[in-house]
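Pasted below: target.txt, compact mmCIF, N, CA and C atoms.
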```
# COMPACT_ATOMS: atom_id res chain seq x y z
N MET G 187 13.57 6.96 -22.53
CA MET G 187 13.67 6.80 -21.09
C MET G 187 14.90 7.52 -20.53
N MET G 188 16.04 7.41 -21.24
CA MET G 188 17.26 8.10 -20.80
C MET G 188 18.01 8.58 -22.04
N ASP G 189 18.18 9.90 -22.16
CA ASP G 189 18.90 10.42 -23.32
C ASP G 189 20.39 10.52 -23.01
N VAL G 190 21.15 11.01 -23.99
CA VAL G 190 22.61 11.02 -23.85
C VAL G 190 23.07 11.91 -22.69
N LEU G 191 22.35 12.98 -22.40
CA LEU G 191 22.75 13.84 -21.27
C LEU G 191 22.58 13.11 -19.94
N GLU G 192 21.51 12.35 -19.81
CA GLU G 192 21.31 11.56 -18.59
C GLU G 192 22.35 10.44 -18.50
N ILE G 193 22.67 9.84 -19.64
CA ILE G 193 23.70 8.79 -19.67
C ILE G 193 25.03 9.36 -19.22
N GLN G 194 25.35 10.58 -19.66
CA GLN G 194 26.62 11.21 -19.27
C GLN G 194 26.67 11.56 -17.78
N ARG G 195 25.53 11.68 -17.15
CA ARG G 195 25.52 11.90 -15.69
C ARG G 195 25.93 10.62 -14.94
N LEU G 196 25.73 9.47 -15.58
CA LEU G 196 26.09 8.20 -14.94
C LEU G 196 27.49 7.73 -15.33
N LEU G 197 27.81 7.84 -16.62
CA LEU G 197 29.08 7.30 -17.12
C LEU G 197 30.13 8.40 -17.26
N PRO G 198 31.39 8.06 -17.01
CA PRO G 198 32.46 9.05 -17.20
C PRO G 198 32.87 9.20 -18.67
N HIS G 199 32.41 8.32 -19.55
CA HIS G 199 32.80 8.33 -20.96
C HIS G 199 32.23 9.56 -21.68
N ARG G 200 33.00 10.05 -22.66
CA ARG G 200 32.60 11.15 -23.52
C ARG G 200 33.01 10.83 -24.95
N PHE G 201 32.45 11.59 -25.90
CA PHE G 201 32.80 11.39 -27.29
C PHE G 201 34.33 11.50 -27.43
N PRO G 202 34.95 10.61 -28.19
CA PRO G 202 34.36 9.62 -29.07
C PRO G 202 34.19 8.24 -28.42
N PHE G 203 34.31 8.16 -27.09
CA PHE G 203 34.27 6.84 -26.46
C PHE G 203 32.95 6.51 -25.77
N LEU G 204 32.01 7.43 -25.78
CA LEU G 204 30.68 7.11 -25.25
C LEU G 204 29.93 6.34 -26.34
N LEU G 205 29.57 5.10 -26.05
CA LEU G 205 29.02 4.20 -27.07
C LEU G 205 27.57 3.79 -26.81
N VAL G 206 26.87 4.55 -25.98
CA VAL G 206 25.43 4.35 -25.75
C VAL G 206 24.75 5.68 -26.02
N ASP G 207 23.83 5.70 -26.98
CA ASP G 207 23.13 6.93 -27.34
C ASP G 207 21.85 7.14 -26.56
N ARG G 208 21.15 6.07 -26.26
CA ARG G 208 19.85 6.19 -25.60
C ARG G 208 19.50 4.89 -24.89
N VAL G 209 18.88 5.01 -23.72
CA VAL G 209 18.31 3.87 -23.00
C VAL G 209 16.81 3.92 -23.22
N THR G 210 16.26 2.82 -23.71
CA THR G 210 14.82 2.78 -24.02
C THR G 210 14.00 2.05 -22.97
N GLU G 211 14.66 1.20 -22.20
CA GLU G 211 13.96 0.49 -21.12
C GLU G 211 14.96 0.21 -20.01
N LEU G 212 14.53 0.43 -18.78
CA LEU G 212 15.40 0.17 -17.63
C LEU G 212 14.56 -0.37 -16.49
N ARG G 213 14.91 -1.59 -16.09
CA ARG G 213 14.30 -2.21 -14.91
C ARG G 213 15.44 -2.53 -13.95
N PRO G 214 15.70 -1.65 -12.97
CA PRO G 214 16.83 -1.87 -12.06
C PRO G 214 16.82 -3.28 -11.46
N GLY G 215 18.00 -3.87 -11.43
CA GLY G 215 18.15 -5.22 -10.89
C GLY G 215 17.75 -6.30 -11.86
N GLU G 216 17.25 -5.92 -13.04
CA GLU G 216 16.78 -6.91 -14.00
C GLU G 216 17.37 -6.74 -15.40
N ARG G 217 17.00 -5.62 -16.08
CA ARG G 217 17.32 -5.53 -17.50
C ARG G 217 17.38 -4.09 -17.98
N LEU G 218 18.17 -3.90 -19.04
CA LEU G 218 18.28 -2.61 -19.71
C LEU G 218 18.27 -2.83 -21.21
N LEU G 219 17.56 -1.97 -21.93
CA LEU G 219 17.60 -1.94 -23.39
C LEU G 219 18.10 -0.57 -23.80
N ALA G 220 19.03 -0.54 -24.74
CA ALA G 220 19.62 0.71 -25.19
C ALA G 220 20.05 0.55 -26.65
N TYR G 221 20.57 1.64 -27.23
CA TYR G 221 21.10 1.52 -28.58
C TYR G 221 22.20 2.52 -28.85
N LYS G 222 22.97 2.21 -29.87
CA LYS G 222 24.03 3.07 -30.40
C LYS G 222 23.80 3.18 -31.89
N ASN G 223 23.64 4.41 -32.39
CA ASN G 223 23.55 4.63 -33.84
C ASN G 223 24.97 4.68 -34.38
N VAL G 224 25.28 3.80 -35.30
CA VAL G 224 26.64 3.70 -35.84
C VAL G 224 26.72 4.55 -37.11
N SER G 225 27.56 5.57 -37.08
CA SER G 225 27.69 6.52 -38.17
C SER G 225 29.05 6.40 -38.86
N ILE G 226 29.09 6.71 -40.14
CA ILE G 226 30.37 6.70 -40.87
C ILE G 226 31.34 7.72 -40.28
N GLY G 227 30.82 8.69 -39.54
CA GLY G 227 31.68 9.71 -38.92
C GLY G 227 32.43 9.23 -37.68
N GLU G 228 32.20 8.00 -37.25
CA GLU G 228 32.92 7.48 -36.08
C GLU G 228 34.41 7.45 -36.39
N PRO G 229 35.25 7.95 -35.47
CA PRO G 229 36.69 8.04 -35.75
C PRO G 229 37.37 6.70 -36.04
N PHE G 230 36.87 5.61 -35.49
CA PHE G 230 37.54 4.32 -35.70
C PHE G 230 37.40 3.82 -37.13
N PHE G 231 36.41 4.33 -37.88
CA PHE G 231 36.24 3.87 -39.26
C PHE G 231 37.37 4.37 -40.18
N GLN G 232 38.11 5.38 -39.75
CA GLN G 232 39.23 5.87 -40.56
C GLN G 232 40.28 4.79 -40.77
N GLY G 233 40.43 3.92 -39.81
CA GLY G 233 41.47 2.90 -39.91
C GLY G 233 40.96 1.47 -39.82
N HIS G 234 39.66 1.27 -39.67
CA HIS G 234 39.12 -0.08 -39.46
C HIS G 234 37.90 -0.31 -40.34
N PHE G 235 37.93 -0.68 -41.47
CA PHE G 235 39.05 -0.81 -42.40
C PHE G 235 38.79 0.15 -43.56
N PRO G 236 39.78 0.89 -44.04
CA PRO G 236 39.56 1.82 -45.15
C PRO G 236 38.97 1.08 -46.36
N GLY G 237 37.88 1.61 -46.88
CA GLY G 237 37.22 0.99 -48.03
C GLY G 237 36.24 -0.11 -47.66
N HIS G 238 36.32 -0.58 -46.42
CA HIS G 238 35.42 -1.63 -45.93
C HIS G 238 35.19 -1.40 -44.43
N PRO G 239 34.46 -0.33 -44.07
CA PRO G 239 34.34 0.04 -42.65
C PRO G 239 33.56 -0.98 -41.83
N VAL G 240 34.18 -1.42 -40.75
CA VAL G 240 33.58 -2.36 -39.81
C VAL G 240 33.87 -1.86 -38.40
N MET G 241 32.84 -1.81 -37.55
CA MET G 241 33.04 -1.41 -36.16
C MET G 241 33.85 -2.49 -35.46
N PRO G 242 34.96 -2.12 -34.80
CA PRO G 242 35.76 -3.13 -34.10
C PRO G 242 34.92 -3.90 -33.07
N GLY G 243 35.07 -5.20 -33.06
CA GLY G 243 34.32 -6.05 -32.14
C GLY G 243 34.52 -5.67 -30.68
N VAL G 244 35.73 -5.25 -30.34
CA VAL G 244 35.97 -4.86 -28.94
C VAL G 244 35.15 -3.63 -28.57
N LEU G 245 34.83 -2.77 -29.55
CA LEU G 245 34.00 -1.61 -29.26
C LEU G 245 32.53 -1.99 -29.14
N VAL G 246 32.12 -3.03 -29.83
CA VAL G 246 30.76 -3.55 -29.64
C VAL G 246 30.64 -4.08 -28.21
N LEU G 247 31.67 -4.80 -27.76
CA LEU G 247 31.68 -5.28 -26.37
C LEU G 247 31.74 -4.11 -25.39
N GLU G 248 32.49 -3.07 -25.73
CA GLU G 248 32.56 -1.88 -24.87
C GLU G 248 31.19 -1.23 -24.76
N ALA G 249 30.44 -1.16 -25.85
CA ALA G 249 29.08 -0.61 -25.80
C ALA G 249 28.22 -1.42 -24.82
N LEU G 250 28.34 -2.74 -24.88
CA LEU G 250 27.61 -3.60 -23.94
C LEU G 250 28.09 -3.37 -22.51
N ALA G 251 29.39 -3.19 -22.33
CA ALA G 251 29.93 -2.95 -20.98
C ALA G 251 29.42 -1.62 -20.44
N GLN G 252 29.33 -0.60 -21.29
CA GLN G 252 28.80 0.69 -20.84
C GLN G 252 27.32 0.57 -20.47
N ALA G 253 26.56 -0.16 -21.27
CA ALA G 253 25.15 -0.40 -20.95
C ALA G 253 25.05 -1.16 -19.62
N SER G 254 25.96 -2.09 -19.41
CA SER G 254 26.02 -2.85 -18.15
C SER G 254 26.28 -1.91 -16.98
N ALA G 255 27.18 -0.94 -17.17
CA ALA G 255 27.50 0.01 -16.10
C ALA G 255 26.29 0.86 -15.75
N ILE G 256 25.52 1.27 -16.75
CA ILE G 256 24.30 2.04 -16.49
C ILE G 256 23.34 1.20 -15.66
N LEU G 257 23.17 -0.06 -16.03
CA LEU G 257 22.30 -0.96 -15.27
C LEU G 257 22.84 -1.17 -13.86
N CYS G 258 24.15 -1.27 -13.75
CA CYS G 258 24.80 -1.46 -12.44
C CYS G 258 24.50 -0.29 -11.51
N TYR G 259 24.72 0.95 -11.99
CA TYR G 259 24.43 2.13 -11.16
C TYR G 259 22.96 2.15 -10.76
N SER G 260 22.10 1.86 -11.72
CA SER G 260 20.66 1.92 -11.46
C SER G 260 20.21 0.82 -10.50
N SER G 261 20.90 -0.30 -10.52
CA SER G 261 20.52 -1.44 -9.68
C SER G 261 21.06 -1.34 -8.26
N THR G 262 22.20 -0.69 -8.09
CA THR G 262 22.83 -0.63 -6.77
C THR G 262 22.50 0.65 -6.02
N GLY G 263 22.10 1.69 -6.76
CA GLY G 263 21.80 2.96 -6.11
C GLY G 263 23.02 3.77 -5.75
N PHE G 264 24.20 3.35 -6.20
CA PHE G 264 25.43 4.10 -5.91
C PHE G 264 25.41 5.44 -6.63
N ASP G 265 26.00 6.45 -6.02
CA ASP G 265 26.07 7.80 -6.57
C ASP G 265 27.23 7.87 -7.57
N PRO G 266 26.95 8.11 -8.87
CA PRO G 266 28.03 8.15 -9.87
C PRO G 266 28.96 9.35 -9.72
N THR G 267 28.61 10.33 -8.88
CA THR G 267 29.55 11.42 -8.65
C THR G 267 30.62 11.01 -7.63
N LYS G 268 30.35 9.96 -6.86
CA LYS G 268 31.29 9.49 -5.84
C LYS G 268 31.88 8.12 -6.15
N LYS G 269 31.24 7.40 -7.08
CA LYS G 269 31.66 6.04 -7.42
C LYS G 269 31.94 5.92 -8.91
N VAL G 270 32.70 4.91 -9.26
CA VAL G 270 32.98 4.59 -10.67
C VAL G 270 32.86 3.08 -10.83
N THR G 271 32.37 2.67 -11.99
CA THR G 271 32.24 1.24 -12.29
C THR G 271 33.42 0.80 -13.13
N TYR G 272 34.09 -0.26 -12.70
CA TYR G 272 35.19 -0.83 -13.47
C TYR G 272 34.82 -2.22 -13.97
N LEU G 273 35.11 -2.45 -15.22
CA LEU G 273 34.92 -3.76 -15.81
C LEU G 273 35.99 -4.70 -15.26
N MET G 274 35.57 -5.86 -14.77
CA MET G 274 36.49 -6.82 -14.19
C MET G 274 36.76 -8.00 -15.12
N ALA G 275 35.72 -8.40 -15.88
CA ALA G 275 35.88 -9.59 -16.72
C ALA G 275 34.83 -9.60 -17.82
N ILE G 276 35.21 -10.22 -18.93
CA ILE G 276 34.26 -10.55 -20.01
C ILE G 276 34.45 -12.03 -20.28
N ASP G 277 33.38 -12.79 -20.16
CA ASP G 277 33.44 -14.23 -20.40
C ASP G 277 32.55 -14.59 -21.59
N GLY G 278 32.99 -15.57 -22.34
CA GLY G 278 32.18 -16.12 -23.42
C GLY G 278 31.86 -15.15 -24.53
N ALA G 279 32.74 -14.20 -24.78
CA ALA G 279 32.49 -13.23 -25.85
C ALA G 279 32.48 -13.93 -27.20
N ARG G 280 31.46 -13.61 -27.99
CA ARG G 280 31.32 -14.18 -29.33
C ARG G 280 30.89 -13.08 -30.28
N PHE G 281 31.46 -13.12 -31.47
CA PHE G 281 31.11 -12.18 -32.52
C PHE G 281 30.39 -12.94 -33.62
N ARG G 282 29.21 -12.47 -34.02
CA ARG G 282 28.37 -13.22 -34.94
C ARG G 282 28.21 -12.57 -36.31
N ARG G 283 28.26 -11.24 -36.36
CA ARG G 283 28.12 -10.53 -37.64
C ARG G 283 28.80 -9.16 -37.52
N PRO G 284 29.26 -8.62 -38.63
CA PRO G 284 29.89 -7.30 -38.57
C PRO G 284 28.86 -6.18 -38.35
N VAL G 285 29.33 -5.11 -37.75
CA VAL G 285 28.52 -3.90 -37.54
C VAL G 285 29.13 -2.83 -38.43
N VAL G 286 28.30 -2.22 -39.26
CA VAL G 286 28.80 -1.28 -40.28
C VAL G 286 28.08 0.06 -40.16
N PRO G 287 28.63 1.11 -40.80
CA PRO G 287 27.97 2.41 -40.75
C PRO G 287 26.52 2.31 -41.22
N GLY G 288 25.66 3.04 -40.52
CA GLY G 288 24.23 3.02 -40.82
C GLY G 288 23.44 2.04 -39.96
N ASP G 289 24.15 1.13 -39.28
CA ASP G 289 23.47 0.17 -38.40
C ASP G 289 23.03 0.85 -37.11
N ARG G 290 21.96 0.35 -36.56
CA ARG G 290 21.57 0.69 -35.20
C ARG G 290 21.92 -0.53 -34.36
N LEU G 291 22.84 -0.35 -33.45
CA LEU G 291 23.30 -1.43 -32.59
C LEU G 291 22.41 -1.45 -31.35
N ASP G 292 21.53 -2.44 -31.28
CA ASP G 292 20.64 -2.58 -30.12
C ASP G 292 21.36 -3.37 -29.04
N LEU G 293 21.27 -2.87 -27.82
CA LEU G 293 21.98 -3.45 -26.68
C LEU G 293 20.98 -3.93 -25.64
N GLU G 294 21.10 -5.20 -25.26
CA GLU G 294 20.25 -5.75 -24.20
C GLU G 294 21.15 -6.34 -23.13
N VAL G 295 20.97 -5.88 -21.90
CA VAL G 295 21.78 -6.36 -20.78
C VAL G 295 20.84 -6.85 -19.69
N THR G 296 21.10 -8.05 -19.17
CA THR G 296 20.30 -8.59 -18.08
C THR G 296 21.22 -8.94 -16.91
N VAL G 297 20.73 -8.69 -15.71
CA VAL G 297 21.49 -9.01 -14.50
C VAL G 297 21.44 -10.51 -14.26
N LEU G 298 22.62 -11.10 -14.10
CA LEU G 298 22.71 -12.51 -13.73
C LEU G 298 22.88 -12.67 -12.22
N ARG G 299 23.71 -11.76 -11.66
CA ARG G 299 23.97 -11.82 -10.22
C ARG G 299 24.31 -10.42 -9.73
N LEU G 300 23.74 -10.05 -8.61
CA LEU G 300 23.97 -8.75 -8.01
C LEU G 300 24.33 -8.98 -6.55
N LYS G 301 25.59 -8.68 -6.21
CA LYS G 301 26.04 -8.92 -4.85
C LYS G 301 26.85 -7.71 -4.40
N SER G 302 26.30 -6.94 -3.50
CA SER G 302 26.96 -5.76 -2.95
C SER G 302 27.39 -4.84 -4.09
N SER G 303 28.70 -4.69 -4.28
CA SER G 303 29.20 -3.77 -5.30
C SER G 303 29.68 -4.50 -6.56
N VAL G 304 29.37 -5.78 -6.69
CA VAL G 304 29.77 -6.55 -7.87
C VAL G 304 28.51 -7.01 -8.61
N VAL G 305 28.52 -6.76 -9.92
CA VAL G 305 27.37 -7.14 -10.75
C VAL G 305 27.85 -8.00 -11.91
N LYS G 306 27.19 -9.13 -12.11
CA LYS G 306 27.46 -9.96 -13.29
C LYS G 306 26.24 -9.86 -14.19
N SER G 307 26.49 -9.60 -15.48
CA SER G 307 25.39 -9.42 -16.41
C SER G 307 25.69 -10.14 -17.72
N ARG G 308 24.64 -10.34 -18.49
CA ARG G 308 24.77 -10.91 -19.83
C ARG G 308 24.33 -9.85 -20.81
N GLY G 309 25.15 -9.64 -21.85
CA GLY G 309 24.83 -8.64 -22.85
C GLY G 309 24.74 -9.25 -24.24
N VAL G 310 23.78 -8.78 -25.01
CA VAL G 310 23.61 -9.20 -26.40
C VAL G 310 23.43 -7.95 -27.24
N ALA G 311 24.26 -7.80 -28.26
CA ALA G 311 24.16 -6.69 -29.21
C ALA G 311 23.60 -7.23 -30.51
N THR G 312 22.55 -6.59 -31.02
CA THR G 312 21.93 -7.05 -32.26
C THR G 312 21.81 -5.90 -33.26
N VAL G 313 21.72 -6.27 -34.52
CA VAL G 313 21.42 -5.34 -35.61
C VAL G 313 20.31 -5.98 -36.42
N ASP G 314 19.21 -5.27 -36.55
CA ASP G 314 18.05 -5.78 -37.30
C ASP G 314 17.64 -7.18 -36.83
N GLY G 315 17.71 -7.42 -35.52
CA GLY G 315 17.30 -8.69 -34.95
C GLY G 315 18.33 -9.80 -35.05
N GLN G 316 19.47 -9.54 -35.67
CA GLN G 316 20.54 -10.54 -35.78
C GLN G 316 21.61 -10.26 -34.74
N VAL G 317 22.06 -11.29 -34.04
CA VAL G 317 23.09 -11.11 -33.02
C VAL G 317 24.41 -10.72 -33.67
N ALA G 318 24.96 -9.61 -33.19
CA ALA G 318 26.27 -9.14 -33.66
C ALA G 318 27.37 -9.60 -32.69
N ALA G 319 27.09 -9.51 -31.39
CA ALA G 319 28.06 -9.93 -30.37
C ALA G 319 27.31 -10.22 -29.08
N GLU G 320 27.95 -11.01 -28.22
CA GLU G 320 27.36 -11.35 -26.93
C GLU G 320 28.46 -11.74 -25.96
N GLY G 321 28.13 -11.69 -24.69
CA GLY G 321 29.09 -12.09 -23.66
C GLY G 321 28.54 -11.83 -22.28
N GLU G 322 29.28 -12.28 -21.28
CA GLU G 322 28.94 -12.03 -19.88
C GLU G 322 29.97 -11.07 -19.30
N PHE G 323 29.50 -10.12 -18.52
CA PHE G 323 30.33 -9.04 -18.00
C PHE G 323 30.28 -9.03 -16.48
N MET G 324 31.43 -8.82 -15.86
CA MET G 324 31.48 -8.65 -14.41
C MET G 324 32.09 -7.27 -14.15
N ALA G 325 31.42 -6.50 -13.30
CA ALA G 325 31.89 -5.15 -12.98
C ALA G 325 31.80 -4.92 -11.49
N THR G 326 32.61 -3.98 -11.02
CA THR G 326 32.58 -3.60 -9.62
C THR G 326 32.45 -2.10 -9.52
N VAL G 327 31.82 -1.65 -8.45
CA VAL G 327 31.66 -0.23 -8.18
C VAL G 327 32.60 0.12 -7.03
N VAL G 328 33.48 1.13 -7.25
CA VAL G 328 34.45 1.54 -6.23
C VAL G 328 34.39 3.05 -6.04
N ASP G 329 34.94 3.51 -4.91
CA ASP G 329 35.02 4.94 -4.64
C ASP G 329 35.94 5.61 -5.64
N LYS G 330 35.53 6.76 -6.15
CA LYS G 330 36.39 7.51 -7.06
C LYS G 330 37.69 7.94 -6.37
N ASP G 331 37.61 8.24 -5.07
CA ASP G 331 38.80 8.64 -4.34
C ASP G 331 39.89 7.58 -4.37
N LEU G 332 39.52 6.32 -4.38
CA LEU G 332 40.49 5.23 -4.42
C LEU G 332 41.18 5.14 -5.79
N THR G 333 40.55 5.70 -6.81
CA THR G 333 41.12 5.61 -8.16
C THR G 333 42.00 6.80 -8.49
N GLN G 334 41.97 7.85 -7.67
CA GLN G 334 42.79 9.04 -7.94
C GLN G 334 44.23 8.80 -7.46
N ARG G 335 45.18 9.06 -8.31
CA ARG G 335 46.58 8.88 -7.91
C ARG G 335 47.39 10.03 -8.40
```

Let me see the structure of the file written as structure tokens.
Amino acid sequence: MMDVLEIQRLLPHRFPFLLVDRVTELRPGERLLAYKNVSIGEPFFQGHFPGHPVMPGVLVLEALAQASAILCYSSTGFDPTKKVTYLMAIDGARFRRPVVPGDRLDLEVTVLRLKSSVVKSRGVATVDGQVAAEGEFMATVVDKDLTQR
């Protein structure tokens, strides 16, 4: 449904910090399904942890936050060339299992509340049907001009 080039048109993130490879389902105002293929070549595996590579939990949450931002842009209709989405809060974050090289990190984000330029969503990251991490995310969409200093 949305490949990495389309994702890059919405998100300002680039390698090595773009953590969504593909969107497989998108229902604006409702839900998004996406995934990240986790490779041993990811730069964070050099130090987390040598000999026992584990994707940092905060990056699993970041992948969910990026998926949330894609859903936010799609749900609000804001132009990503003029606006940027900022993460405001993560509530109830829980880590359930490690994510390791070779895993496909499936991302599911659902809208809980959509009000003007603020979106609250729930994200669940799974590997092979097992929950790896979950949480609720709040983001806001602001003018890019306001962020330039």

Item to check | DSSP-assigned alpha helix (DSSP H) among chain G, expressed as a PyMOL selection string | outcome: chain G and resi 190-196+243-262+330-333

Checklist outcome for this item: Restricting to only N, CA and C atoms, whichever of G:Gln194, G:Phe323, G:Arg208, G:Arg217 is closest to Gly278 of chain G is G:Phe323

Item to check | Among listed residues G:Leu205, G:Leu257, G:Val244, G:Ala249, nearest Val297 of chain G (using only N, CA and C atoms) | outcome: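 Ranking G:Leu205, G:Leu257, G:Val244, G:Ala249 by distance to Val297 of chain G, first place goes to G:Leu257.
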
Checklist entry - Could you pull the residues within 8 Å of segment 308-316 of chain G, counting only C-alpha atoms, minus those fewer than 2 positions along the same chain, as a list of chain:residue names? => result G:Val246, G:Leu250, G:Ala251, G:Ser254, G:Arg283, G:Val285, G:Asp289, G:Arg290, G:Leu291, G:Asp292, G:Leu293, G:Glu294, G:Val295, G:Thr296, G:Val297, G:Leu298, G:Lys306, G:Ala318, G:Ala319, G:Glu320, G:Gly321, G:Glu322, G:Phe323

Box in all listed atoms of segment 253-268 of chain G, axis-aligned, with 8 Å more on each side; write out centre and edge lengths in Å to one decimal as lines of an AutoDock Vina configuration file.
```
center_x = 26.0
center_y = 4.3
center_z = -13.5
size_x = 27.7
size_y = 30.3
size_z = 31.5
```

Next on the checklist: For a test of reading the model, state the distance in Å between atom CA of Tyr259 of chain G and atom N of Pro202 of chain G, rounded to one decimal.
Outcome noted: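 Between atom CA of Tyr259 of chain G and atom N of Pro202 of chain G the gap works out to 21.7 Å.
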
Next on the checklist: Run DSSP on the backbone and tell me which residues of chain G come out as strand (DSSP E); list them as a PyMOL selection string.
Outcome noted: chain G and resi 208-213+217-223+269-281+290-301+304-313+316-329

Checklist entry - Of the candidates G:Lys268, G:His234, G:Arg213, G:Lys222, which one gets nearest to Leu197 of chain G if we count only C-alpha atoms? => result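 Ranking G:Lys268, G:His234, G:Arg213, G:Lys222 by distance to Leu197 of chain G, first place goes to G:Lys268.
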
Item to check | Å distance separating atom CA of Pro239 of chain G from atom CA of Ile193 of chain G, one decimal place | outcome: 26.8 Å

Next on the checklist: Quick one: residues within 12 Å of Met188 of chain G, only C-alpha atoms, excluding same-chain residues fewer than 4 positions away - as number ranges by chain?
Outcome noted: G: 192-196, 206-212, 218-221, 253, 256-257, 260

Next on the checklist: Just the number, please: distance in Å from atom CA of Val286 of chain G to atom CA of Cys258 of chain G, one decimal.
Outcome noted: 28.1 Å
